[in-house]
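**Q** Sharing model.cif, mmCIF, C-alpha atoms:
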data_data
#
loop_
_atom_site.label_atom_id
_atom_site.label_comp_id
_atom_site.auth_asym_id
_atom_site.auth_seq_id
_atom_site.Cartn_x
_atom_site.Cartn_y
_atom_site.Cartn_z
CA MET T 1 66.10 23.63 -21.22
CA GLU T 2 69.38 21.96 -20.35
CA LYS T 3 69.58 20.24 -16.94
CA VAL T 4 72.35 21.45 -14.70
CA SER T 5 74.16 19.15 -12.31
CA LEU T 6 73.88 20.57 -8.82
CA SER T 7 74.24 19.15 -5.36
CA ILE T 8 73.32 20.88 -2.12
CA LEU T 9 74.50 19.82 1.32
CA CYS T 10 71.99 20.26 4.13
CA VAL T 11 71.90 19.33 7.81
CA VAL T 12 68.93 17.33 9.09
CA VAL T 13 68.54 16.21 12.72
CA VAL T 14 66.45 13.15 13.56
CA SER T 15 66.42 11.74 17.11
CA GLY T 16 69.88 12.98 18.01
CA ILE T 17 71.49 11.87 14.74
CA VAL T 18 72.77 14.63 12.47
CA CYS T 19 72.52 13.67 8.81
CA VAL T 20 74.35 15.71 6.23
CA ASP T 21 72.49 14.99 3.03
CA THR T 22 73.28 15.74 -0.59
CA LEU T 23 70.26 16.85 -2.58
CA MET T 24 70.79 16.00 -6.22
CA ALA T 25 69.08 18.52 -8.49
CA GLN T 26 68.26 16.01 -11.21
CA ASP T 27 65.64 14.20 -9.14
CA TYR T 28 65.80 16.11 -5.85
CA ILE T 29 66.66 12.95 -3.97
CA ALA T 30 68.37 13.14 -0.57
CA ILE T 31 71.47 10.95 -0.49
CA PRO T 32 73.21 10.53 2.89
CA TYR T 33 76.63 12.15 2.92
CA ALA T 34 77.60 11.66 6.58
CA GLN T 35 75.99 11.00 9.99
CA TYR T 36 77.06 11.57 13.58
CA SER T 37 75.45 11.88 17.02
CA SER T 38 74.65 15.26 18.50
CA ALA T 39 72.09 16.59 20.94
CA THR T 40 71.43 19.71 18.89
CA ALA T 41 71.13 20.88 15.35
CA SER T 42 73.25 23.47 13.72
CA GLY T 43 72.29 24.71 10.31
CA ARG T 44 75.57 26.51 9.62
CA MET T 45 78.26 24.95 7.44
CA ALA T 46 81.42 25.94 5.57
CA MET T 47 83.70 23.99 3.25
CA ASP T 48 87.41 24.65 2.92
CA ASP T 49 89.57 24.36 -0.22
CA MET T 50 90.58 20.79 0.69
CA GLY T 51 86.98 19.49 0.73
CA ASN T 52 86.56 19.41 4.51
CA LEU T 53 83.09 20.32 5.73
CA TYR T 54 82.76 22.16 9.06
CA ILE T 55 79.47 22.27 10.95
CA ALA T 56 79.02 24.77 13.80
CA HIS T 57 76.68 23.72 16.60
CA TYR T 58 74.97 26.48 18.58
CA ASP T 59 74.04 24.82 21.88
CA ASP T 60 76.80 22.20 21.94
CA ARG T 61 79.40 24.96 21.41
CA LYS T 62 81.45 22.83 19.06
CA ILE T 63 82.48 22.43 15.45
CA ILE T 64 82.41 19.04 13.76
CA LYS T 65 84.74 18.41 10.82
CA ILE T 66 83.79 15.93 8.09
CA ASP T 67 86.73 15.11 5.83
CA PRO T 68 86.47 14.14 2.13
CA THR T 69 86.28 10.44 3.11
CA ARG T 70 83.17 11.39 5.15
CA GLN T 71 84.77 10.70 8.53
CA ASP T 72 83.61 13.03 11.29
CA THR T 73 85.73 14.32 14.16
CA LEU T 74 85.28 16.88 16.89
CA PHE T 75 87.24 19.82 15.48
CA VAL T 76 86.85 22.50 18.16
CA SER T 77 84.85 22.68 21.40
CA GLY T 78 84.40 24.96 24.38
CA LEU T 79 83.53 28.08 22.42
CA GLY T 80 80.46 30.23 22.99
CA ASN T 81 77.15 29.59 21.28
CA LEU T 82 78.07 29.47 17.59
CA TYR T 83 75.86 31.24 15.07
CA ASP T 84 77.53 31.15 11.65
CA ILE T 85 80.73 30.02 9.95
CA THR T 86 82.64 30.94 6.77
CA TRP T 87 85.93 30.02 5.07
CA GLY T 88 88.50 32.70 4.24
CA GLY T 89 90.63 30.73 1.75
CA GLY T 90 91.45 32.53 -1.49
CA THR T 91 90.90 35.94 0.10
CA PRO T 92 93.12 38.29 2.11
CA TYR T 93 91.66 36.65 5.25
CA GLY T 94 93.69 33.50 4.54
CA ASP T 95 93.09 29.83 5.22
CA TYR T 96 91.06 30.27 8.39
CA LEU T 97 87.51 29.63 9.49
CA TYR T 98 85.69 32.64 10.88
CA VAL T 99 82.88 31.85 13.29
CA THR T 100 80.45 34.20 15.02
CA GLY T 101 79.74 33.33 18.62
CA HIS T 102 78.08 34.64 21.71
CA THR T 103 79.71 34.48 25.12
CA ALA T 104 80.08 37.19 27.76
CA VAL T 105 81.73 39.11 24.92
CA ASP T 106 80.32 38.88 21.41
CA ARG T 107 83.11 37.89 19.07
CA ILE T 108 84.35 36.40 15.86
CA TYR T 109 86.58 33.39 16.37
CA LYS T 110 89.47 32.89 13.94
CA ILE T 111 90.34 29.19 13.68
CA ASP T 112 93.14 27.60 11.66
CA THR T 113 92.85 24.25 9.85
CA ASP T 114 94.48 22.45 12.79
CA GLY T 115 91.72 23.65 15.12
CA ARG T 116 93.72 26.32 16.92
CA THR T 117 91.44 29.13 18.05
CA TYR T 118 92.93 32.56 18.41
CA SER T 119 92.05 33.80 21.88
CA THR T 120 91.89 37.51 21.16
CA PRO T 121 88.52 38.37 19.70
CA MET T 122 88.98 39.60 16.16
CA TYR T 123 85.91 41.79 16.47
CA ALA T 124 83.45 42.45 19.26
CA PRO T 125 80.38 44.27 17.94
CA HIS T 126 77.44 45.11 20.12
CA HIS T 127 74.15 43.27 19.88
CA GLY T 128 75.38 39.82 18.89
CA PRO T 129 77.23 39.02 15.68
CA CYS T 130 75.23 36.39 13.76
CA ALA T 131 75.53 36.13 9.99
CA ILE T 132 79.06 36.12 8.58
CA GLY T 133 80.40 35.95 5.05
CA ILE T 134 83.40 36.86 2.95
CA ASP T 135 83.13 38.29 -0.54
CA SER T 136 85.34 35.63 -2.15
CA GLY T 137 84.58 36.93 -5.66
CA GLY T 138 86.09 40.34 -4.95
CA ASN T 139 83.06 42.29 -6.15
CA TYR T 140 82.75 43.98 -2.78
CA GLY T 141 86.44 44.35 -1.95
CA TYR T 142 87.18 40.83 -0.64
CA GLN T 143 85.80 41.98 2.70
CA LEU T 144 84.41 40.07 5.66
CA TYR T 145 80.86 41.15 6.56
CA VAL T 146 78.95 40.49 9.77
CA GLY T 147 75.22 40.94 10.42
CA THR T 148 74.09 41.54 13.98
CA ALA T 149 71.23 39.86 15.81
CA SER T 150 69.57 42.85 17.39
CA ALA T 151 71.21 46.05 16.15
CA ASP T 152 69.96 45.40 12.62
CA ASN T 153 73.14 46.41 10.83
CA ILE T 154 75.91 44.91 8.74
CA SER T 155 79.51 45.67 9.56
CA LYS T 156 82.52 45.37 7.31
CA VAL T 157 85.56 43.97 9.15
CA SER T 158 89.09 44.60 7.88
CA VAL T 159 91.77 41.91 7.81
CA GLU T 160 93.26 43.60 10.89
CA GLY T 161 89.93 43.20 12.71
CA SER T 162 88.67 46.77 12.63
CA PRO T 163 84.89 47.00 12.17
CA SER T 164 82.98 49.75 10.40
CA ILE T 165 79.25 50.04 9.74
CA PHE T 166 78.47 49.04 6.16
CA SER T 167 74.69 49.23 6.26
CA GLU T 168 72.01 50.10 8.79
CA TRP T 169 68.27 49.72 8.50
CA PRO T 170 66.48 53.07 8.52
CA GLY T 171 64.61 52.09 11.67
CA PRO T 172 64.37 49.16 14.04
CA VAL T 173 63.32 45.94 12.40
CA ASP T 174 61.80 44.58 15.58
CA ASN T 175 65.27 43.45 16.63
CA GLY T 176 64.82 40.65 14.13
CA GLY T 177 68.46 40.66 13.22
CA ILE T 178 70.42 39.53 10.19
CA TYR T 179 70.85 35.77 10.14
CA GLY T 180 72.24 35.10 6.68
CA LEU T 181 74.56 36.71 4.13
CA SER T 182 75.28 35.73 0.55
CA PHE T 183 77.21 37.39 -2.25
CA ASP T 184 76.58 37.61 -5.97
CA LEU T 185 79.88 36.31 -7.31
CA SER T 186 79.09 37.50 -10.83
CA GLY T 187 78.93 41.11 -9.64
#
Re-express the file's structure as C-alpha cells.
**A**
Amino acid sequence: MEKVSLSILCVVVVSGIVCVDTLMAQDYIAIPYAQYSSATASGRMAMDDMGNLYIAHYDDRKIIKIDPTRQDTLFVSGLGNLYDITWGGGTPYGDYLYVTGHTAVDRIYKIDTDGRTYSTPMYAPHHGPCAIGIDSGGNYGYQLYVGTASADNISKVSVEGSPSIFSEWPGPVDNGGIYGLSFDLSG
C-alpha cells in the first residue's frame, strides 16, 4: 500500500497556551505549528484561500488569525459565544468567514478578511446554531448548512440569508444537537 502524505491541524490547550499542531500521517508525530496564550480552548478552525488559519474561541468570544508565517493576531473580538467557523471562498458565499454564535439572538456572523463583522444577523434560527459548513464541491448546490444545538435539525441558508429546513430528525434526539458537518467532495 502506498503511503499518502497528509497533515492535520489540531488545537491543543495546555495551561493556558493554545498549541496548533500538525500531525504528520507518516509517523503520526505532532509538530508545533503555532502557539499563543488564551484562557479557553476552541476546537473550531477554518483556513482561507491565502493560507490564513482562523480559530474561533467560545468563551473568549474572539477569533485568532494565524498567518502563513505562523504569526498570531487577534482578528475579531466582542462577538457572542462562538461555536463553529467556515470559509466561503470559491463558492457563491464569497471570500467571507461564516461563524455561528450565541448571544441574545442566535446568529451567523459574516466576517470579511479585514475583520469587519456585518452587524445584521445573516440568519437567526431558533435553538442555537452550532455546526456550520459550505458545500464547496458543489455536490449539494454550493449551499451553506447549519446544524442547531437543541432543535435537532439542519437548515440550508441561501446566499441572501434565507433559511429553510433541510433535514429534521424523526423525533427528539435528547436535545443533543448537531455539532459538526462535513461534505463528501467526491459526490
**Q** Let me make sure I understand: among T:Gly115, T:Gly128, T:Gly89, T:Gly137, which one has the smallest atom-to-atom distance to Asp184 of chain T if we use all atoms listed in the file?
**A**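 Checking each of T:Gly115, T:Gly128, T:Gly89, T:Gly137 against Asp184 of chain T, counting all atoms listed in the file, the winner is T:Gly137.
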**Q** Could you give me, as a list in words, the residues that sit within 6 Å of (71.2, 38.5, 15.3) in the file's coordinates, counting all atoms listed in the file?
**A**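 Result, sorted by chain then residue number: Gly128, Cys130, Thr148, Ala149, Ser150, Gly177, Ile178 and Tyr179 of chain T.
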**Q** Quick one: residues within 10 Å of Ile132 of chain T, only C-alpha atoms, excluding same-chain residues fewer than 3 positions away - as an MDAnalysis selection string?
**A** chainID T and resid 83:87 98:100 108 129 144:148 154:156 178:182
**Q** Near Ser186 of chain T, counting only C-alpha atoms, which residues have an atom at most 12 Å away, once you skip same-chain residues fewer than 5 positions from it, shown as a PyMOL selection string?
**A** chain T and resi 135-140
**Q** Please indicate the distance in Å from atom CA of Gly161 of chain T to atom CA of Arg116 of chain T, rounded to one decimal place.
**A**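 Separating atom CA of Gly161 of chain T from atom CA of Arg116 of chain T is a distance of 17.8 Å.
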**Q** Can you tell me, as a VMD selection string, what residues are no more than 9 Å from Arg70 of chain T when counting all atoms listed in the file, ignoring any on the same chain fewer than 4 positions away?
**A** chain T and resid 33 to 35 52 to 53 66
**Q** Would you pick out the contacts of Pro92 of chain T at 10 Å or less, using all atoms listed in the file, so that residues sharing its chain but fewer than 4 positions from it are not included, and give the list as a list in words?
**A**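 The residues satisfying every condition are Gly88, Ile134, Ser136, Gly141, Tyr142, Gln143, Leu144, Ser158 and Val159 of chain T.
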**Q** How many Å separate atom CA of Ala131 of chain T from atom CA of Arg107 of chain T?
**A**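 These atoms are spaced 12.0 Å apart.
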**Q** Could you give me, as a PyMOL selection string, the residues that sit within 9 Å of (90.1, 26.8, 15.9) in the file's coordinates, counting all atoms listed in the file?
**A** chain T and resi 63+75-77+96-98+109-118
**Q** Of the candidates T:Gly133, T:Tyr36, T:Met50, T:Asp95, which shows the shortest atom-to-atom distance to Ile64 of chain T, using all atoms listed in the file?
**A**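 Under the stated criterion, the closest residue is T:Tyr36.
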**Q** What does the distance from atom CA of Ala56 of chain T to atom CA of Trp169 of chain T come to in Å, to one decimal?
**A**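 It comes out at 27.7 Å.
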